[in-house]
Amino acid sequence: MKAAPIQRIDLPMDELEAILQRAKVSPLDEKDCEKIKAVFLVKNTGAAPLLINQIRPTCGCTVTSPVPPPIPPGGDAKIEAEVATADFSGPMSKAVMIYSNDPDTPQVNLVIKFESRAFIEVLPRPLLRYTVLQGEASTQKVVLFPFDQSEFKVTGVETGSSPYKVDFRELTDKERLPDRKGSQWEVAVTVPADAKTGLFTDKVLVKTTSAKAPEVVISVYASVQPMVQVVPEQLNFGTVPGDAPVGRPVILVNNRQGSELQLTKVEVDNPNFTVEQTAIQAGQRYQVIVTLKPGAPKGEQKALLKISTSDPVRKLIEVPVVVTVQ
């Protein structure tokens with residue numbers, strides 16, 4: 001009982017070219033993307049029925065036909081797989097695993113290879129990453145051009161609730177990429193100086209006049225770090241005994257290049273705590289230790305650690321302190 005060997009399937013070049021010409025890759029709506037269909041023929045070269053127990057795609061983008069009925073000796077069956085090209089760009093391969101009662105090859109992997117191209121492509125890529133300090137703006141630029149060498153215009157952008165500022169313009173003849181035809185547009189995405197600290201994961205939606213690609217998505221990841229980084233931002237002692245001193249550290253890091261940070265004053269507003277500062281690396285890194293005094297009243301104790309610095313942006317840093325005394 002055997003199934004005929006199933007070879008790796010590569011789409012013929014003429015079919016591949018047709019796919020490239022009509023494929024629309026858009027992460028916004030899967031129904032707008034081209035779906036590639038592959039048909040595999042399984043033959044039973046054994047002397048007993050071949051039972052295919054399971055057909056399992058390895059990606060959620062792939063849908064397969066149902067498990068066929070038992071294949072008699074000498075018979076064959078078709079297995080169809082359909083791949084949605086949304087979210088894909090460039091050469092890709094997707095696998096489908098076939099499980100059967102073949103004693104020699106109970107598992108066979110079918111592979112579909114294809115290349116997906118967007119109607120409007122983004123160079124160097126539709127992904128921007130930023131690591132910036134708060135108070136310092138940072139700009140990156142990409143170029144949009146049509147895969148089919150057509151003409152289009154950028155009409156606007158949407159950034160949602162993200163802090164980014166976006167500008168766009170059509171490139172002049174002298175600025176154009178020499179090996180690309182059709183319209184070429186520059187899109188500049190800026191993380192502004194007044195952006196809040198934190199991690200941002202957003203998408204910039206570029207609107208165009210192209211009927212084939214009315215929207216182009218640029219993914220943006222930004223890490224905006226404070227000029228003076230404080231770890232942790234809140235000091236929680238947890239539950240501690242009240243008969244011995246208990247200390248917890250706060251670390252301050254100067255992220256401003258070419259400058260020195262000085263701590264001009266360190267204090268805590270609760271008399272049940274003491275505070276002490278130490279320079280780990282003078283001008284750059286400091287440790288501030290907040291200590292709960294022995295004999296502090298039982299129950300929850302709260303305080304506010306206040307650190308005055310020489311930094312022009314973060315002149316005063318406040319760190320909440322909380323502890324439960326047994």
# chains A, B, ... in the order shown; residues from 1 in each chain; ligands from 1
call {"tool": "residues_around", "arguments": {"residues": "A:Val268", "least_positions_apart": "4", "cutoff": "7 Å", "atoms": "only C-alpha atoms", "output": "count of residues only"}}
result
6
call {"tool": "residues_around", "arguments": {"residues": "A:Gly156", "least_positions_apart": "4", "cutoff": "12 Å", "atoms": "only C-alpha atoms", "output": "list in words"}}
result
Val166, Asp167, Phe168, Arg169, Trp185, Val187, Val204, Leu205, Val206, Lys207, Thr208, Thr209, Pro214, Glu215 and Val216 of chain A
call {"tool": "write_last_selection", "arguments": {"atoms": "C-alpha atoms", "output": "PDB file, in the first residue's frame"}}
result
ATOM      1  CA  VAL A 166       3.779  62.614   8.053  1.00  0.00           C
ATOM      2  CA  ASP A 167       4.689  64.627   4.960  1.00  0.00           C
ATOM      3  CA  PHE A 168       4.538  63.475   1.344  1.00  0.00           C
ATOM      4  CA  ARG A 169       5.599  64.838  -2.036  1.00  0.00           C
ATOM      5  CA  TRP A 185       6.378  59.599  -4.103  1.00  0.00           C
ATOM      6  CA  VAL A 187       6.678  59.759   2.403  1.00  0.00           C
ATOM      7  CA  VAL A 204       0.461  54.854   8.747  1.00  0.00           C
ATOM      8  CA  LEU A 205      -2.182  54.580   6.032  1.00  0.00           C
ATOM      9  CA  VAL A 206      -1.214  56.306   2.787  1.00  0.00           C
ATOM     10  CA  LYS A 207      -4.140  57.187   0.487  1.00  0.00           C
ATOM     11  CA  THR A 208      -3.537  57.088  -3.276  1.00  0.00           C
ATOM     12  CA  THR A 209      -5.439  57.537  -6.549  1.00  0.00           C
ATOM     13  CA  PRO A 214      -5.999  52.923  -2.975  1.00  0.00           C
ATOM     14  CA  GLU A 215      -4.330  52.402   0.410  1.00  0.00           C
ATOM     15  CA  VAL A 216      -0.723  51.578   1.255  1.00  0.00           C
TER      16      VAL A 216
END
call {"tool": "closest_residue", "arguments": {"among": "A:Ile120, A:Ala84, A:Val132, A:Ala211", "to": "A:Gly182", "atoms": "only C-alpha atoms"}}
result
A:Ile120
call {"tool": "residues_around", "arguments": {"residues": "stretch 283-285 of chain A", "least_positions_apart": "2", "cutoff": "8 Å", "atoms": "only C-alpha atoms", "output": "count of residues only"}}
result
13
call {"tool": "atom_distance", "arguments": {"atom1": "atom CA of A:Gln301", "atom2": "atom CA of A:Pro249"}}
result
17.1 Å
